[in-house]
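Enquirer: Before I ask anything, here is the structure I am working with.
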Amino acid sequence: MNLKGRDFLTLKDFTPEEIDGLLKLAAELKDKKKKGIPVDTLRGKNVALIFEKTSTRTRCSFEVAAHDLGMGTTYLDPQGSQIGKKESIKDTARVLAGMYEGIEYRGFGQEIVEELAKYSKVPVWNGLTNEYHPTQMLADMLTIQEEFGYLKGIRLVYMGDARYNMGNSLMIASAKMGMHFTACAPKKYFPNAELVAECEAYAKESGATITLTEDVEAATKDADVIYTDVWVSMGEPDAVWEERIHDLTPYRVTKEAMGNAKPTAIFLHCLPSFHDLKTKIGKEMGERFHLTEMEVTDEVFESEQSRVFEEAENRMHTIKAVMAATLGA
């Protein structure tokens, strides 16, 4: 596998063999970290981390992974970068590419990271856009592979709003890797029909299947993985909370939903999660809508089936693999 110089913008750009190669590299790098074996083969290199949307897991993953590889990092928060404000995306890409060996972007439209990549002479990595979240996908696939020993044939159910980055990306990853993907949501929350058709083409090659259903019982029956995400994404107005809570409460991941899956099923969530009222937003929305939990019950989140913290750790190992592979470590 030679990915040196490649951008990492969406898994649509990668073959199943390349994705598998990144997962193998991530597992190898994780094993070395656990054993204390240094992997700092990129000493002297530096990467720029552009965060138009703040993050805990993505920032920490990139910074720790870069440090482990021997690299320096510069974190540019929403106030620390002039991208798209005083300086065009095109100019930002060319300025940063002259100073850094790689550029990470986490923010809004996919067109922004695509334009950065177009004008950058160094690899650009997508840390999250409205449409795609490819680094999260590698962490999810690694977590599933560690649990079951394989990906092909795994039945993954995504419950909730499947129209944006998580629903889109899980469908792509599943279709590429031969997994059976189900989006379980009201019809208006189904993924874009054009992307569904694209994923169905991938699925024909891999043996995967794509299912869209409103039926929770049918969706979760014999599932291997049940996955959800917050109902309202960062930056969305408060007004959408009422609509989402009304529409998506029947699609909350509960003990009953997990009980309908296989006994060996696991629960995944990209985090953060409103599984209790111990956050400022969770407390506010809980009081406003008389809820104690939202997309997943605390009982499931804290259960023995939950792998959310193993999944969160794997963000760092898989991001390290992406940087190592594309920078030629």
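Starting from 1 in every chain, residues are counted up; chains themselves are A, B, ... following the order of the structure tokens, and ligands are numbered from 1 as listed.
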Might you pull out every residue within 8 Å of Ala117 of chain A, with only C-alpha atoms counted and same-chain residues fewer than 5 positions away left off, and present them as a list in words?
Expert: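 Near neighbours after the sequence-gap exclusion: Asp7, Ala93, Val122, Pro123 and Val124 of chain A.
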Enquirer: For Arg244 of chain A, please output as JSON, numbers by chain all residues within 7 Å (counting only C-alpha atoms; exclusion window: fewer than 4 positions along the same chain).
Expert: {"A": [231, 240, 248]}
Enquirer: What does the file look like for those residues with all heavy atoms, as a PDB file, in the first residue's frame?
Expert:
ATOM      1  N   TRP A 231     -28.649  14.109  18.198  1.00  0.00           N
ATOM      2  CA  TRP A 231     -29.722  14.446  17.270  1.00  0.00           C
ATOM      3  C   TRP A 231     -29.557  15.832  16.652  1.00  0.00           C
ATOM      4  O   TRP A 231     -30.111  16.105  15.594  1.00  0.00           O
ATOM      5  CB  TRP A 231     -31.072  14.371  17.986  1.00  0.00           C
ATOM      6  CG  TRP A 231     -31.463  12.969  18.339  1.00  0.00           C
ATOM      7  CD1 TRP A 231     -31.015  11.812  17.766  1.00  0.00           C
ATOM      8  CD2 TRP A 231     -32.394  12.567  19.353  1.00  0.00           C
ATOM      9  NE1 TRP A 231     -31.607  10.717  18.346  1.00  0.00           N
ATOM     10  CE2 TRP A 231     -32.453  11.150  19.323  1.00  0.00           C
ATOM     11  CE3 TRP A 231     -33.176  13.261  20.271  1.00  0.00           C
ATOM     12  CZ2 TRP A 231     -33.279  10.420  20.192  1.00  0.00           C
ATOM     13  CZ3 TRP A 231     -33.991  12.543  21.131  1.00  0.00           C
ATOM     14  CH2 TRP A 231     -34.046  11.137  21.097  1.00  0.00           C
ATOM     15  N   VAL A 240     -34.310  23.658  16.226  1.00  0.00           N
ATOM     16  CA  VAL A 240     -34.410  22.305  15.657  1.00  0.00           C
ATOM     17  C   VAL A 240     -34.537  21.240  16.746  1.00  0.00           C
ATOM     18  O   VAL A 240     -34.945  20.106  16.455  1.00  0.00           O
ATOM     19  CB  VAL A 240     -33.218  21.973  14.733  1.00  0.00           C
ATOM     20  CG1 VAL A 240     -33.071  23.011  13.641  1.00  0.00           C
ATOM     21  CG2 VAL A 240     -31.926  21.813  15.506  1.00  0.00           C
ATOM     22  N   LEU A 248     -37.320  11.843  16.609  1.00  0.00           N
ATOM     23  CA  LEU A 248     -36.311  10.796  16.786  1.00  0.00           C
ATOM     24  C   LEU A 248     -36.376  10.041  18.115  1.00  0.00           C
ATOM     25  O   LEU A 248     -35.698   9.022  18.268  1.00  0.00           O
ATOM     26  CB  LEU A 248     -34.906  11.404  16.600  1.00  0.00           C
ATOM     27  CG  LEU A 248     -34.631  11.966  15.195  1.00  0.00           C
ATOM     28  CD1 LEU A 248     -33.273  12.652  15.148  1.00  0.00           C
ATOM     29  CD2 LEU A 248     -34.706  10.866  14.140  1.00  0.00           C
TER      30      LEU A 248
END
Enquirer: Given the choices A:Thr10, A:Thr292, A:Asn168, A:Thr143, which gets closest to Leu268 of chain A if the distance is worked out from only C-alpha atoms?
Expert: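 Counting only C-alpha atoms, the residue closest to Leu268 of chain A is A:Thr143.
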Enquirer: Running DSSP on the backbone, which parts of segment 161-215 of chain A land in alpha helix (DSSP H), as a VMD selection string?
Expert: chain A and resid 165 to 177 193 to 206
Enquirer: Rounded to one decimal, what separation in Å do you get between atom CA of Ala162 of chain A and atom CA of Leu212 of chain A?
Expert: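 Distance reported for this atom pair: 9.6 Å.
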Enquirer: Under the rule that only C-alpha atoms are counted, which of A:Gly282, A:Gly107, A:Gly207, A:Gly98 is the nearest residue to Asp77 of chain A?
Expert: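 Comparing A:Gly282, A:Gly107, A:Gly207, A:Gly98 against Asp77 of chain A, the winner is A:Gly107.
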Enquirer: Counting only C-alpha atoms, figure out which residue out of A:Met294, A:Leu116, A:Ile266, A:Leu327 gets nearest to Phe148 of chain A.
Expert: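 Distance minimum relative to Phe148 of chain A lands on A:Ile266.
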Enquirer: Any idea what the distance is between atom CA of Ser81 of chain A and atom CA of Leu138 of chain A?
Expert: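 Atom CA of Leu138 of chain A lies 27.5 Å from atom CA of Ser81 of chain A.
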Enquirer: List the spatial neighbours of Ala321 of chain A as a list in words - criterion: any atom at most 8 Å away, only C-alpha atoms, same-chain residues fewer than 5 positions off excluded.
Expert: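 Everything that qualifies: Leu22, Leu23, Leu25, Ala26 and Leu29 of chain A.
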Enquirer: Give me a file of those residues, with all heavy atoms, as a PDB file, in the first residue's frame.
Expert:
ATOM      1  N   LEU A  22      -4.968   0.582   5.873  1.00  0.00           N
ATOM      2  CA  LEU A  22      -4.912   1.602   6.929  1.00  0.00           C
ATOM      3  C   LEU A  22      -5.300   1.001   8.281  1.00  0.00           C
ATOM      4  O   LEU A  22      -4.711   1.346   9.311  1.00  0.00           O
ATOM      5  CB  LEU A  22      -5.838   2.765   6.585  1.00  0.00           C
ATOM      6  CG  LEU A  22      -5.330   3.713   5.497  1.00  0.00           C
ATOM      7  CD1 LEU A  22      -6.443   4.652   5.039  1.00  0.00           C
ATOM      8  CD2 LEU A  22      -4.132   4.522   5.989  1.00  0.00           C
ATOM      9  N   LEU A  23      -6.272   0.098   8.286  1.00  0.00           N
ATOM     10  CA  LEU A  23      -6.675  -0.554   9.535  1.00  0.00           C
ATOM     11  C   LEU A  23      -5.559  -1.450  10.072  1.00  0.00           C
ATOM     12  O   LEU A  23      -5.313  -1.482  11.286  1.00  0.00           O
ATOM     13  CB  LEU A  23      -7.953  -1.364   9.324  1.00  0.00           C
ATOM     14  CG  LEU A  23      -9.216  -0.557   9.009  1.00  0.00           C
ATOM     15  CD1 LEU A  23     -10.378  -1.483   8.672  1.00  0.00           C
ATOM     16  CD2 LEU A  23      -9.590   0.357  10.178  1.00  0.00           C
ATOM     17  N   LEU A  25      -2.362  -1.013   9.521  1.00  0.00           N
ATOM     18  CA  LEU A  25      -1.318  -0.108  10.016  1.00  0.00           C
ATOM     19  C   LEU A  25      -1.717   0.466  11.371  1.00  0.00           C
ATOM     20  O   LEU A  25      -0.878   0.561  12.284  1.00  0.00           O
ATOM     21  CB  LEU A  25      -1.087   1.017   9.005  1.00  0.00           C
ATOM     22  CG  LEU A  25      -0.049   2.076   9.396  1.00  0.00           C
ATOM     23  CD1 LEU A  25       1.314   1.444   9.675  1.00  0.00           C
ATOM     24  CD2 LEU A  25       0.060   3.141   8.297  1.00  0.00           C
ATOM     25  N   ALA A  26      -2.989   0.840  11.525  1.00  0.00           N
ATOM     26  CA  ALA A  26      -3.456   1.372  12.805  1.00  0.00           C
ATOM     27  C   ALA A  26      -3.300   0.342  13.920  1.00  0.00           C
ATOM     28  O   ALA A  26      -2.861   0.678  15.036  1.00  0.00           O
ATOM     29  CB  ALA A  26      -4.919   1.799  12.686  1.00  0.00           C
ATOM     30  N   LEU A  29       0.386   0.151  14.800  1.00  0.00           N
ATOM     31  CA  LEU A  29       0.817   1.323  15.565  1.00  0.00           C
ATOM     32  C   LEU A  29       0.250   1.300  16.981  1.00  0.00           C
ATOM     33  O   LEU A  29       0.927   1.697  17.935  1.00  0.00           O
ATOM     34  CB  LEU A  29       0.393   2.601  14.841  1.00  0.00           C
ATOM     35  CG  LEU A  29       1.122   2.885  13.523  1.00  0.00           C
ATOM     36  CD1 LEU A  29       0.433   4.006  12.755  1.00  0.00           C
ATOM     37  CD2 LEU A  29       2.587   3.238  13.780  1.00  0.00           C
TER      38      LEU A  29
END
Enquirer: Using only C-alpha atoms, pick whichever of A:Thr264, A:Lys176, A:Lys320, A:Gly328 has the shortest atom-to-atom distance to Ala65 of chain A.
Expert: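 Of A:Thr264, A:Lys176, A:Lys320, A:Gly328, the one nearest Ala65 of chain A is A:Lys320, counting only C-alpha atoms.
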Enquirer: Applying 9 Å and only C-alpha atoms, which residues near Leu76 of chain A remain after dropping the ones on its own chain fewer than 3 positions away? List them as a list in words.
Expert: Ala48, Leu49, Ile50, Phe51, Glu52, Gln79, Gly80 and Ser81 of chain A
Enquirer: Write a file of the selected residues as a PDB file, in the first residue's frame, keeping C-alpha atoms.
Expert:
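This went into selection_11.pdb:
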ATOM      1  CA  ALA A  48      -1.409  22.494  10.758  1.00  0.00           C
ATOM      2  CA  LEU A  49      -4.724  21.667  12.455  1.00  0.00           C
ATOM      3  CA  ILE A  50      -7.583  23.949  11.334  1.00  0.00           C
ATOM      4  CA  PHE A  51     -10.628  23.705  13.592  1.00  0.00           C
ATOM      5  CA  GLU A  52     -13.561  25.844  12.478  1.00  0.00           C
ATOM      6  CA  GLN A  79     -10.524  32.719  16.046  1.00  0.00           C
ATOM      7  CA  GLY A  80      -6.969  31.707  15.143  1.00  0.00           C
ATOM      8  CA  SER A  81      -7.412  31.304  11.398  1.00  0.00           C
TER       9      SER A  81
END
Enquirer: Just the number, please: distance in Å from atom CA of Lys24 of chain A to atom CA of Val322 of chain A, one decimal.
Expert: 11.2 Å
Enquirer: Kindly indicate which residue among A:Lys221, A:Arg288, A:His246, A:Lys34 lies nearest to Met258 of chain A, using only C-alpha atoms for the distances.
Expert: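 Answer, going by the shortest atom-to-atom distance: A:Lys221.
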